[in-house]
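Q: One file: protein.pdb (PDB, C-alpha atoms).
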ATOM      1  CA  MET A   1      10.629 -20.408  11.252  1.00  0.00           C
ATOM      2  CA  ARG A   2       7.175 -19.831   9.852  1.00  0.00           C
ATOM      3  CA  SER A   3       7.020 -17.741   6.694  1.00  0.00           C
ATOM      4  CA  PRO A   4       7.533 -14.023   7.361  1.00  0.00           C
ATOM      5  CA  VAL A   5       4.651 -11.886   6.112  1.00  0.00           C
ATOM      6  CA  VAL A   6       5.017  -8.458   4.520  1.00  0.00           C
ATOM      7  CA  PHE A   7       1.839  -6.417   4.352  1.00  0.00           C
ATOM      8  CA  ASP A   8       0.907  -3.625   2.036  1.00  0.00           C
ATOM      9  CA  LEU A   9      -0.864  -0.775   3.853  1.00  0.00           C
ATOM     10  CA  ASP A  10      -3.210   1.105   1.519  1.00  0.00           C
ATOM     11  CA  GLY A  11      -6.132  -1.043   0.448  1.00  0.00           C
ATOM     12  CA  VAL A  12      -5.022  -4.008   2.572  1.00  0.00           C
ATOM     13  CA  LEU A  13      -5.042  -2.735   6.160  1.00  0.00           C
ATOM     14  CA  VAL A  14      -6.415   0.761   5.638  1.00  0.00           C
ATOM     15  CA  ASP A  15      -9.345   1.609   3.380  1.00  0.00           C
ATOM     16  CA  SER A  16      -7.372   4.544   2.130  1.00  0.00           C
ATOM     17  CA  GLU A  17      -7.721   4.344  -1.639  1.00  0.00           C
ATOM     18  CA  PRO A  18     -11.093   6.163  -1.600  1.00  0.00           C
ATOM     19  CA  VAL A  19      -9.530   8.845   0.630  1.00  0.00           C
ATOM     20  CA  TRP A  20      -6.449   9.155  -1.597  1.00  0.00           C
ATOM     21  CA  GLU A  21      -8.671   9.450  -4.657  1.00  0.00           C
ATOM     22  CA  GLU A  22     -10.921  12.076  -3.064  1.00  0.00           C
ATOM     23  CA  VAL A  23      -8.006  14.184  -1.798  1.00  0.00           C
ATOM     24  CA  ARG A  24      -5.910  13.979  -4.978  1.00  0.00           C
ATOM     25  CA  ARG A  25      -8.865  14.439  -7.320  1.00  0.00           C
ATOM     26  CA  ALA A  26      -9.904  17.605  -5.455  1.00  0.00           C
ATOM     27  CA  PHE A  27      -6.303  18.851  -5.365  1.00  0.00           C
ATOM     28  CA  VAL A  28      -5.950  18.389  -9.123  1.00  0.00           C
ATOM     29  CA  ALA A  29      -9.217  20.233  -9.783  1.00  0.00           C
ATOM     30  CA  GLU A  30      -8.319  23.093  -7.421  1.00  0.00           C
ATOM     31  CA  HIS A  31      -4.967  23.668  -9.113  1.00  0.00           C
ATOM     32  CA  GLY A  32      -5.926  23.616 -12.766  1.00  0.00           C
ATOM     33  CA  GLY A  33      -5.371  19.986 -13.665  1.00  0.00           C
ATOM     34  CA  THR A  34      -7.630  17.432 -15.345  1.00  0.00           C
ATOM     35  CA  TRP A  35      -8.322  14.038 -13.745  1.00  0.00           C
ATOM     36  CA  ARG A  36      -8.408  11.222 -16.297  1.00  0.00           C
ATOM     37  CA  GLU A  37     -10.359   7.998 -16.340  1.00  0.00           C
ATOM     38  CA  GLU A  38      -7.257   5.900 -15.764  1.00  0.00           C
ATOM     39  CA  THR A  39      -5.631   8.218 -13.208  1.00  0.00           C
ATOM     40  CA  GLN A  40      -6.541   6.372  -9.993  1.00  0.00           C
ATOM     41  CA  SER A  41      -5.401   2.973 -11.266  1.00  0.00           C
ATOM     42  CA  ARG A  42      -2.173   4.525 -12.550  1.00  0.00           C
ATOM     43  CA  LEU A  43      -1.476   6.157  -9.194  1.00  0.00           C
ATOM     44  CA  MET A  44      -1.938   3.041  -7.045  1.00  0.00           C
ATOM     45  CA  GLY A  45       1.478   1.856  -5.899  1.00  0.00           C
ATOM     46  CA  MET A  46       3.462   4.867  -7.118  1.00  0.00           C
ATOM     47  CA  SER A  47       5.951   6.426  -4.721  1.00  0.00           C
ATOM     48  CA  THR A  48       5.433  10.002  -3.557  1.00  0.00           C
ATOM     49  CA  GLY A  49       7.909  11.385  -6.076  1.00  0.00           C
ATOM     50  CA  GLU A  50       6.292   9.430  -8.883  1.00  0.00           C
ATOM     51  CA  TRP A  51       2.670  10.362  -8.197  1.00  0.00           C
ATOM     52  CA  SER A  52       3.415  14.022  -7.505  1.00  0.00           C
ATOM     53  CA  ALA A  53       5.225  14.236 -10.862  1.00  0.00           C
ATOM     54  CA  TYR A  54       2.281  12.488 -12.521  1.00  0.00           C
ATOM     55  CA  LEU A  55      -0.200  14.995 -11.053  1.00  0.00           C
ATOM     56  CA  ALA A  56       1.957  17.790 -12.454  1.00  0.00           C
ATOM     57  CA  GLU A  57       1.605  16.121 -15.864  1.00  0.00           C
ATOM     58  CA  LEU A  58      -2.181  16.343 -15.424  1.00  0.00           C
ATOM     59  CA  GLY A  59      -1.830  20.120 -15.489  1.00  0.00           C
ATOM     60  CA  VAL A  60      -1.459  20.979 -11.796  1.00  0.00           C
ATOM     61  CA  ARG A  61       0.307  24.343 -11.763  1.00  0.00           C
ATOM     62  CA  LEU A  62       2.707  23.578  -8.916  1.00  0.00           C
ATOM     63  CA  PRO A  63       6.117  21.893  -8.640  1.00  0.00           C
ATOM     64  CA  PRO A  64       5.909  18.206  -7.674  1.00  0.00           C
ATOM     65  CA  GLU A  65       7.422  18.935  -4.253  1.00  0.00           C
ATOM     66  CA  GLU A  66       4.590  21.355  -3.432  1.00  0.00           C
ATOM     67  CA  ILE A  67       2.008  18.921  -4.779  1.00  0.00           C
ATOM     68  CA  ALA A  68       3.347  16.208  -2.490  1.00  0.00           C
ATOM     69  CA  ARG A  69       3.370  18.464   0.577  1.00  0.00           C
ATOM     70  CA  GLY A  70      -0.158  19.643  -0.058  1.00  0.00           C
ATOM     71  CA  VAL A  71      -1.684  16.217  -0.657  1.00  0.00           C
ATOM     72  CA  VAL A  72       0.198  14.461   2.142  1.00  0.00           C
ATOM     73  CA  GLY A  73      -0.738  17.241   4.563  1.00  0.00           C
ATOM     74  CA  GLN A  74      -4.409  16.794   3.741  1.00  0.00           C
ATOM     75  CA  MET A  75      -4.146  13.011   4.087  1.00  0.00           C
ATOM     76  CA  ALA A  76      -2.442  13.285   7.482  1.00  0.00           C
ATOM     77  CA  GLU A  77      -5.176  15.620   8.688  1.00  0.00           C
ATOM     78  CA  ARG A  78      -7.843  13.140   7.601  1.00  0.00           C
ATOM     79  CA  TYR A  79      -6.064  10.302   9.418  1.00  0.00           C
ATOM     80  CA  ARG A  80      -5.722  12.309  12.607  1.00  0.00           C
ATOM     81  CA  HIS A  81      -9.509  12.402  12.726  1.00  0.00           C
ATOM     82  CA  GLY A  82      -9.659   8.627  12.371  1.00  0.00           C
ATOM     83  CA  VAL A  83      -7.857   5.916  10.418  1.00  0.00           C
ATOM     84  CA  PRO A  84     -10.295   3.870   8.289  1.00  0.00           C
ATOM     85  CA  LEU A  85      -9.004   0.387   9.087  1.00  0.00           C
ATOM     86  CA  LEU A  86     -10.534  -2.287   6.905  1.00  0.00           C
ATOM     87  CA  PRO A  87     -12.715  -4.891   8.654  1.00  0.00           C
ATOM     88  CA  GLY A  88     -10.544  -7.571  10.214  1.00  0.00           C
ATOM     89  CA  ALA A  89      -7.277  -5.666   9.718  1.00  0.00           C
ATOM     90  CA  ARG A  90      -6.237  -5.542  13.366  1.00  0.00           C
ATOM     91  CA  GLU A  91      -7.182  -9.162  13.939  1.00  0.00           C
ATOM     92  CA  ALA A  92      -5.289 -10.323  10.830  1.00  0.00           C
ATOM     93  CA  VAL A  93      -2.113  -8.564  11.940  1.00  0.00           C
ATOM     94  CA  GLU A  94      -2.402  -9.973  15.451  1.00  0.00           C
ATOM     95  CA  ARG A  95      -3.023 -13.522  14.165  1.00  0.00           C
ATOM     96  CA  LEU A  96      -0.028 -13.503  11.864  1.00  0.00           C
ATOM     97  CA  ALA A  97       2.288 -11.762  14.331  1.00  0.00           C
ATOM     98  CA  ALA A  98       2.135 -14.806  16.606  1.00  0.00           C
ATOM     99  CA  GLY A  99       5.294 -16.760  15.903  1.00  0.00           C
ATOM    100  CA  ARG A 100       6.540 -15.021  12.767  1.00  0.00           C
ATOM    101  CA  PRO A 101       8.139 -11.685  11.762  1.00  0.00           C
ATOM    102  CA  LEU A 102       5.959  -9.095  10.069  1.00  0.00           C
ATOM    103  CA  GLY A 103       7.012  -6.322   7.723  1.00  0.00           C
ATOM    104  CA  LEU A 104       5.264  -3.500   5.920  1.00  0.00           C
ATOM    105  CA  ALA A 105       6.036  -2.296   2.379  1.00  0.00           C
ATOM    106  CA  SER A 106       3.924   0.727   1.532  1.00  0.00           C
ATOM    107  CA  SER A 107       3.734   3.338  -1.177  1.00  0.00           C
ATOM    108  CA  SER A 108       2.579   5.861   1.415  1.00  0.00           C
ATOM    109  CA  PRO A 109       5.113   8.470   2.511  1.00  0.00           C
ATOM    110  CA  ARG A 110       6.879   7.793   5.796  1.00  0.00           C
ATOM    111  CA  ALA A 111       4.937  10.557   7.538  1.00  0.00           C
ATOM    112  CA  LEU A 112       1.610   8.864   6.796  1.00  0.00           C
ATOM    113  CA  ILE A 113       2.841   5.370   7.659  1.00  0.00           C
ATOM    114  CA  ASP A 114       3.931   6.654  11.057  1.00  0.00           C
ATOM    115  CA  VAL A 115       0.626   8.469  11.653  1.00  0.00           C
ATOM    116  CA  VAL A 116      -1.342   5.303  10.850  1.00  0.00           C
ATOM    117  CA  LEU A 117       0.798   2.961  12.935  1.00  0.00           C
ATOM    118  CA  GLU A 118       0.804   5.286  15.923  1.00  0.00           C
ATOM    119  CA  ALA A 119      -2.909   6.093  15.776  1.00  0.00           C
ATOM    120  CA  THR A 120      -3.930   2.437  15.461  1.00  0.00           C
ATOM    121  CA  GLY A 121      -1.304   0.910  17.746  1.00  0.00           C
ATOM    122  CA  LEU A 122      -0.330  -1.543  15.004  1.00  0.00           C
ATOM    123  CA  GLY A 123       3.276  -0.375  14.883  1.00  0.00           C
ATOM    124  CA  ALA A 124       4.212  -2.722  17.724  1.00  0.00           C
ATOM    125  CA  PHE A 125       3.564  -5.755  15.518  1.00  0.00           C
ATOM    126  CA  PHE A 126       5.960  -4.868  12.678  1.00  0.00           C
ATOM    127  CA  GLY A 127       9.667  -5.619  12.803  1.00  0.00           C
ATOM    128  CA  ALA A 128      10.359  -3.485   9.729  1.00  0.00           C
ATOM    129  CA  THR A 129       8.432  -0.861   7.800  1.00  0.00           C
ATOM    130  CA  VAL A 130       9.394   0.582   4.422  1.00  0.00           C
ATOM    131  CA  SER A 131       8.084   3.515   2.443  1.00  0.00           C
ATOM    132  CA  THR A 132       8.825   3.476  -1.264  1.00  0.00           C
ATOM    133  CA  GLU A 133      10.158   7.013  -0.665  1.00  0.00           C
ATOM    134  CA  GLU A 134      13.112   5.198   0.879  1.00  0.00           C
ATOM    135  CA  VAL A 135      13.992   3.064  -2.161  1.00  0.00           C
ATOM    136  CA  ALA A 136      14.861   3.828  -5.769  1.00  0.00           C
ATOM    137  CA  TYR A 137      11.555   2.860  -7.394  1.00  0.00           C
ATOM    138  CA  GLY A 138       7.943   2.464  -6.314  1.00  0.00           C
ATOM    139  CA  LYS A 139       5.642  -0.413  -7.159  1.00  0.00           C
ATOM    140  CA  PRO A 140       5.456  -2.311  -9.545  1.00  0.00           C
ATOM    141  CA  ALA A 141       9.252  -2.412  -9.108  1.00  0.00           C
ATOM    142  CA  PRO A 142      10.267  -4.871  -6.360  1.00  0.00           C
ATOM    143  CA  ASP A 143      12.415  -2.409  -4.405  1.00  0.00           C
ATOM    144  CA  GLY A 144      10.086  -1.841  -1.451  1.00  0.00           C
ATOM    145  CA  TYR A 145       9.519  -5.534  -0.818  1.00  0.00           C
ATOM    146  CA  LEU A 146      13.199  -6.360  -1.200  1.00  0.00           C
ATOM    147  CA  GLU A 147      14.066  -3.659   1.318  1.00  0.00           C
ATOM    148  CA  ALA A 148      11.442  -4.925   3.784  1.00  0.00           C
ATOM    149  CA  ALA A 149      12.925  -8.433   3.626  1.00  0.00           C
ATOM    150  CA  SER A 150      16.423  -7.021   4.069  1.00  0.00           C
ATOM    151  CA  ARG A 151      15.379  -5.045   7.155  1.00  0.00           C
ATOM    152  CA  LEU A 152      13.729  -8.148   8.602  1.00  0.00           C
ATOM    153  CA  GLY A 153      16.902 -10.124   7.911  1.00  0.00           C
ATOM    154  CA  VAL A 154      15.116 -12.759   5.841  1.00  0.00           C
ATOM    155  CA  ASP A 155      15.272 -14.040   2.280  1.00  0.00           C
ATOM    156  CA  PRO A 156      12.526 -12.605   0.044  1.00  0.00           C
ATOM    157  CA  SER A 157      11.770 -16.085  -1.297  1.00  0.00           C
ATOM    158  CA  ASP A 158      10.818 -17.173   2.221  1.00  0.00           C
ATOM    159  CA  CYS A 159       8.290 -14.332   2.561  1.00  0.00           C
ATOM    160  CA  VAL A 160       4.601 -14.062   1.851  1.00  0.00           C
ATOM    161  CA  ALA A 161       3.256 -10.666   0.786  1.00  0.00           C
ATOM    162  CA  VAL A 162      -0.322  -9.461   1.212  1.00  0.00           C
ATOM    163  CA  GLU A 163      -1.479  -7.149  -1.575  1.00  0.00           C
ATOM    164  CA  ASP A 164      -4.597  -5.714  -3.193  1.00  0.00           C
ATOM    165  CA  SER A 165      -3.553  -3.677  -6.226  1.00  0.00           C
ATOM    166  CA  SER A 166      -2.177  -4.585  -9.634  1.00  0.00           C
ATOM    167  CA  ASN A 167       1.080  -2.733  -9.069  1.00  0.00           C
ATOM    168  CA  GLY A 168       1.439  -4.195  -5.586  1.00  0.00           C
ATOM    169  CA  LEU A 169       0.927  -7.756  -6.784  1.00  0.00           C
ATOM    170  CA  ARG A 170       3.485  -7.227  -9.544  1.00  0.00           C
ATOM    171  CA  SER A 171       5.949  -5.687  -7.095  1.00  0.00           C
ATOM    172  CA  ALA A 172       5.813  -8.487  -4.536  1.00  0.00           C
ATOM    173  CA  HIS A 173       5.949 -11.173  -7.214  1.00  0.00           C
ATOM    174  CA  ALA A 174       8.955  -9.498  -8.842  1.00  0.00           C
ATOM    175  CA  ALA A 175      10.668  -9.554  -5.442  1.00  0.00           C
ATOM    176  CA  GLY A 176      10.345 -13.341  -5.440  1.00  0.00           C
ATOM    177  CA  MET A 177       7.702 -13.483  -2.723  1.00  0.00           C
ATOM    178  CA  ARG A 178       4.597 -15.622  -2.711  1.00  0.00           C
ATOM    179  CA  VAL A 179       1.609 -13.305  -2.725  1.00  0.00           C
ATOM    180  CA  VAL A 180      -1.835 -13.489  -1.181  1.00  0.00           C
ATOM    181  CA  ALA A 181      -4.248 -11.199  -3.023  1.00  0.00           C
ATOM    182  CA  VAL A 182      -6.998  -9.504  -1.020  1.00  0.00           C
ATOM    183  CA  PRO A 183      -8.741  -7.561  -3.804  1.00  0.00           C
ATOM    184  CA  HIS A 184     -10.500  -4.312  -2.926  1.00  0.00           C
ATOM    185  CA  PRO A 185     -14.049  -4.425  -4.309  1.00  0.00           C
ATOM    186  CA  LEU A 186     -13.899  -0.854  -5.620  1.00  0.00           C
ATOM    187  CA  TYR A 187     -10.390  -1.115  -7.072  1.00  0.00           C
ATOM    188  CA  PRO A 188      -9.940  -4.722  -8.267  1.00  0.00           C
ATOM    189  CA  PRO A 189      -6.570  -5.695  -9.706  1.00  0.00           C
ATOM    190  CA  ALA A 190      -6.135  -6.451 -13.378  1.00  0.00           C
ATOM    191  CA  PRO A 191      -6.606 -10.128 -14.287  1.00  0.00           C
ATOM    192  CA  ASP A 192      -2.975 -10.552 -15.332  1.00  0.00           C
ATOM    193  CA  ALA A 193      -1.771  -9.151 -11.998  1.00  0.00           C
ATOM    194  CA  LEU A 194      -4.216 -11.267  -9.998  1.00  0.00           C
ATOM    195  CA  ALA A 195      -2.906 -14.335 -11.820  1.00  0.00           C
ATOM    196  CA  LEU A 196       0.474 -13.761 -10.126  1.00  0.00           C
ATOM    197  CA  ALA A 197      -1.000 -14.478  -6.687  1.00  0.00           C
ATOM    198  CA  ALA A 198      -0.288 -17.807  -5.026  1.00  0.00           C
ATOM    199  CA  GLY A 199      -3.515 -17.498  -3.049  1.00  0.00           C
ATOM    200  CA  THR A 200      -6.536 -15.252  -2.694  1.00  0.00           C
ATOM    201  CA  ALA A 201      -8.581 -14.143   0.301  1.00  0.00           C
ATOM    202  CA  LYS A 202     -11.934 -12.473  -0.248  1.00  0.00           C
ATOM    203  CA  ALA A 203     -11.582 -10.656   3.064  1.00  0.00           C
ATOM    204  CA  LEU A 204      -9.028 -10.300   5.835  1.00  0.00           C
ATOM    205  CA  ASP A 205     -10.947 -12.790   7.974  1.00  0.00           C
ATOM    206  CA  GLU A 206      -9.674 -15.455   5.549  1.00  0.00           C
ATOM    207  CA  LEU A 207      -6.048 -14.381   6.011  1.00  0.00           C
ATOM    208  CA  THR A 208      -4.987 -17.037   8.502  1.00  0.00           C
ATOM    209  CA  PRO A 209      -1.695 -18.672   9.465  1.00  0.00           C
ATOM    210  CA  ASP A 210      -2.908 -21.898   7.839  1.00  0.00           C
ATOM    211  CA  LEU A 211      -3.523 -20.098   4.525  1.00  0.00           C
ATOM    212  CA  VAL A 212      -0.115 -18.410   4.599  1.00  0.00           C
ATOM    213  CA  ASP A 213       1.758 -21.596   5.490  1.00  0.00           C
ATOM    214  CA  SER A 214      -0.088 -23.673   2.873  1.00  0.00           C
ATOM    215  CA  LEU A 215       1.080 -21.602  -0.097  1.00  0.00           C
ATOM    216  CA  PRO A 216       3.275 -23.573  -2.497  1.00  0.00           C
ATOM    217  CA  ARG A 217       6.908 -22.532  -2.638  1.00  0.00           C
TER     218      ARG A 217
END
Can you turn what I pasted into structure tokens?
A:
Amino acid sequence: MRSPVVFDLDGVLVDSEPVWEEVRRAFVAEHGGTWREETQSRLMGMSTGEWSAYLAELGVRLPPEEIARGVVGQMAERYRHGVPLLPGAREAVERLAAGRPLGLASSSPRALIDVVLEATGLGAFFGATVSTEEVAYGKPAPDGYLEAASRLGVDPSDCVAVEDSSNGLRSAHAAGMRVVAVPHPLYPPAPDALALAAGTAKALDELTPDLVDSLPR
């Protein structure tokens, strides 16, 4: 069997990080908090429970559960008006789905994953999808990737992950997967995280079956 591939969602298939930043930054400002210089990079990869608690620490005067509901509701509304797929995302998924299982390990809440997959029609290509809401710890912990491999019925060491963020790269590597980094130009991963990647693609057009199958084990 060709190597199973487990995709991240935000920043890999969907250009969502700018939307997440805009929505959460505005939410923090509207509810009495203070956005910090390092906030966006800290948030990338956190599970819903983790980032909502972090926003509360920034001074948002709401319980984390209400923060999560408010932000996720605004994100879902934005997606219903159009999902900002990254260039080449659909084609990359279709290329890699031919002859191998695909999984998804995302820090997005389940509600948003389902909205994206339904709106884009990409859900049909994935044999397993995992939200880090559904595991004990978000990225950079390996839990989401380990669960995706388990649901696919494959060994994590046989899998290749596709990631963009520092926490995502660390998560997939900690799960024992080989990782292809597709760095987002606006939110590049830290050098030490990028060094964990077994391969790098500058854009999704470069994410081919030959690249995935050529990665050293």
Q: Give the answer as one residue: which of A:Glu22, A:Gly11, A:Leu85, A:Pro109 has the shortest atom-to-atom distance to A:Pro189, using all atoms listed in the file?
A: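 Closest to A:Pro189, using all atoms listed in the file: A:Gly11.
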Q: Show which residues sit within 10 Å of stretch 132-144 of chain A, as an mmCIF file with C-alpha atoms, in the coordinates of the input. Count all atoms listed in the file, and ignore same-chain residues fewer than 3 positions away.
A:
data_model
loop_
_atom_site.group_PDB
_atom_site.id
_atom_site.type_symbol
_atom_site.label_atom_id
_atom_site.label_comp_id
_atom_site.auth_asym_id
_atom_site.auth_seq_id
_atom_site.Cartn_x
_atom_site.Cartn_y
_atom_site.Cartn_z
ATOM 1 C CA ASP A 8 0.907 -3.625 2.036
ATOM 2 C CA LEU A 43 -1.476 6.157 -9.194
ATOM 3 C CA MET A 44 -1.938 3.041 -7.045
ATOM 4 C CA GLY A 45 1.478 1.856 -5.899
ATOM 5 C CA MET A 46 3.462 4.867 -7.118
ATOM 6 C CA SER A 47 5.951 6.426 -4.721
ATOM 7 C CA THR A 48 5.433 10.002 -3.557
ATOM 8 C CA GLY A 49 7.909 11.385 -6.076
ATOM 9 C CA GLU A 50 6.292 9.430 -8.883
ATOM 10 C CA TRP A 51 2.670 10.362 -8.197
ATOM 11 C CA LEU A 104 5.264 -3.500 5.920
ATOM 12 C CA ALA A 105 6.036 -2.296 2.379
ATOM 13 C CA SER A 106 3.924 0.727 1.532
ATOM 14 C CA SER A 107 3.734 3.338 -1.177
ATOM 15 C CA SER A 108 2.579 5.861 1.415
ATOM 16 C CA PRO A 109 5.113 8.470 2.511
ATOM 17 C CA ARG A 110 6.879 7.793 5.796
ATOM 18 C CA THR A 129 8.432 -0.861 7.800
ATOM 19 C CA GLU A 147 14.066 -3.659 1.318
ATOM 20 C CA ALA A 148 11.442 -4.925 3.784
ATOM 21 C CA ALA A 149 12.925 -8.433 3.626
ATOM 22 C CA SER A 150 16.423 -7.021 4.069
ATOM 23 C CA SER A 165 -3.553 -3.677 -6.226
ATOM 24 C CA SER A 166 -2.177 -4.585 -9.634
ATOM 25 C CA ASN A 167 1.080 -2.733 -9.069
ATOM 26 C CA GLY A 168 1.439 -4.195 -5.586
ATOM 27 C CA LEU A 169 0.927 -7.756 -6.784
ATOM 28 C CA ARG A 170 3.485 -7.227 -9.544
ATOM 29 C CA SER A 171 5.949 -5.687 -7.095
ATOM 30 C CA ALA A 172 5.813 -8.487 -4.536
ATOM 31 C CA HIS A 173 5.949 -11.173 -7.214
ATOM 32 C CA ALA A 174 8.955 -9.498 -8.842
ATOM 33 C CA ALA A 175 10.668 -9.554 -5.442
ATOM 34 C CA GLY A 176 10.345 -13.341 -5.440
ATOM 35 C CA MET A 177 7.702 -13.483 -2.723
#
Q: I need the residue set behind the PyMOL selection byres ((chain A and resi 92) around 8) for this file; please write it as a PyMOL selection string.
A: chain A and resi 88-91+93-96+204-205+207-208
Q: I want to know what sits within 6 Å of A:Val6, based on all atoms listed in the file, with residues of the same chain fewer than 5 positions away left out; could you give that as a list in words?
A: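 Close residues of A:Val6: Leu102, Gly103, Leu104 and Ala161 of chain A.
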Q: For the structure shown, which residues end up in the PyMOL selection byres ((chain A and resi 119) around 12)? Put them as a ChimeraX atom specification, please?
A: /A:14,76,78-85,112-118,120-124
Q: For the PyMOL selection byres ((chain A and resi 64-72) around 7), applied here, can you spell out every residue it catches as a PyMOL selection string?
A: chain A and resi 23-24+48+52-53+56+62-63+73-76
Q: Quick one: axis-aligned box around all listed atoms of stretch 20-35 of chain A, 8 Å on every side, centre and edge lengths in Å to one decimal, written as AutoDock Vina command-line options.
A:
--center_x -7.9 --center_y 16.4 --center_z -8.5 --size_x 22.0 --size_y 30.5 --size_z 29.7
Q: One number please: atom CA of A:Phe7 to atom CA of A:Ala26, in Å, one decimal.
A: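 Interatomic distance, atom CA of A:Phe7 to atom CA of A:Ala26: 28.5 Å.
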Q: Using Å and a single decimal, report how far atom CA of A:Val182 sits from atom CA of A:Lys202.
A: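 Taking atom CA of A:Lys202 and atom CA of A:Val182, their separation equals 5.8 Å.
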Q: Provide stretch 3-18 of chain A rebuilt to N, CA, C and O atoms, formatted as a short mmCIF file (atom, residue, chain, number, x, y, z; two decimals), in the frame of the given file.
A:
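This went into part.cif:
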data_model
loop_
_atom_site.label_atom_id
_atom_site.label_comp_id
_atom_site.auth_asym_id
_atom_site.auth_seq_id
_atom_site.Cartn_x
_atom_site.Cartn_y
_atom_site.Cartn_z
N SER A 3 6.76 -18.73 7.75
CA SER A 3 7.02 -17.74 6.69
C SER A 3 6.78 -16.32 7.19
O SER A 3 5.70 -16.01 7.69
N PRO A 4 7.77 -15.43 7.06
CA PRO A 4 7.53 -14.02 7.36
C PRO A 4 6.46 -13.46 6.42
O PRO A 4 6.34 -13.90 5.27
N VAL A 5 5.71 -12.52 6.91
CA VAL A 5 4.65 -11.89 6.11
C VAL A 5 4.93 -10.40 6.00
O VAL A 5 5.22 -9.73 6.99
N VAL A 6 4.84 -9.88 4.77
CA VAL A 6 5.02 -8.46 4.52
C VAL A 6 3.70 -7.91 3.97
O VAL A 6 3.24 -8.31 2.90
N PHE A 7 3.11 -7.02 4.72
CA PHE A 7 1.84 -6.42 4.35
C PHE A 7 2.04 -5.16 3.51
O PHE A 7 2.98 -4.38 3.74
N ASP A 8 1.14 -4.95 2.59
CA ASP A 8 0.91 -3.62 2.04
C ASP A 8 0.05 -2.87 3.05
O ASP A 8 -0.54 -3.49 3.96
N LEU A 9 -0.06 -1.57 2.92
CA LEU A 9 -0.86 -0.78 3.85
C LEU A 9 -2.16 -0.30 3.20
O LEU A 9 -3.26 -0.69 3.61
N ASP A 10 -2.03 0.52 2.16
CA ASP A 10 -3.21 1.10 1.52
C ASP A 10 -4.00 0.04 0.78
O ASP A 10 -3.48 -0.64 -0.10
N GLY A 11 -5.27 -0.09 1.12
CA GLY A 11 -6.13 -1.04 0.45
C GLY A 11 -6.09 -2.43 1.04
O GLY A 11 -6.93 -3.26 0.70
N VAL A 12 -5.11 -2.71 1.90
CA VAL A 12 -5.02 -4.01 2.57
C VAL A 12 -5.41 -3.86 4.04
O VAL A 12 -6.30 -4.56 4.53
N LEU A 13 -4.73 -2.97 4.76
CA LEU A 13 -5.04 -2.74 6.16
C LEU A 13 -5.90 -1.49 6.36
O LEU A 13 -6.73 -1.44 7.27
N VAL A 14 -5.69 -0.51 5.53
CA VAL A 14 -6.42 0.76 5.64
C VAL A 14 -7.23 0.98 4.37
O VAL A 14 -6.71 0.82 3.26
N ASP A 15 -8.48 1.34 4.54
CA ASP A 15 -9.35 1.61 3.38
C ASP A 15 -9.07 3.03 2.90
O ASP A 15 -9.94 3.90 2.94
N SER A 16 -7.86 3.20 2.42
CA SER A 16 -7.37 4.54 2.13
C SER A 16 -7.51 4.95 0.67
O SER A 16 -7.44 6.14 0.36
N GLU A 17 -7.67 3.98 -0.22
CA GLU A 17 -7.72 4.34 -1.64
C GLU A 17 -8.86 5.33 -1.94
O GLU A 17 -8.65 6.29 -2.69
N PRO A 18 -10.06 5.15 -1.36
CA PRO A 18 -11.09 6.16 -1.60
C PRO A 18 -10.70 7.54 -1.06
O PRO A 18 -11.04 8.57 -1.66
#
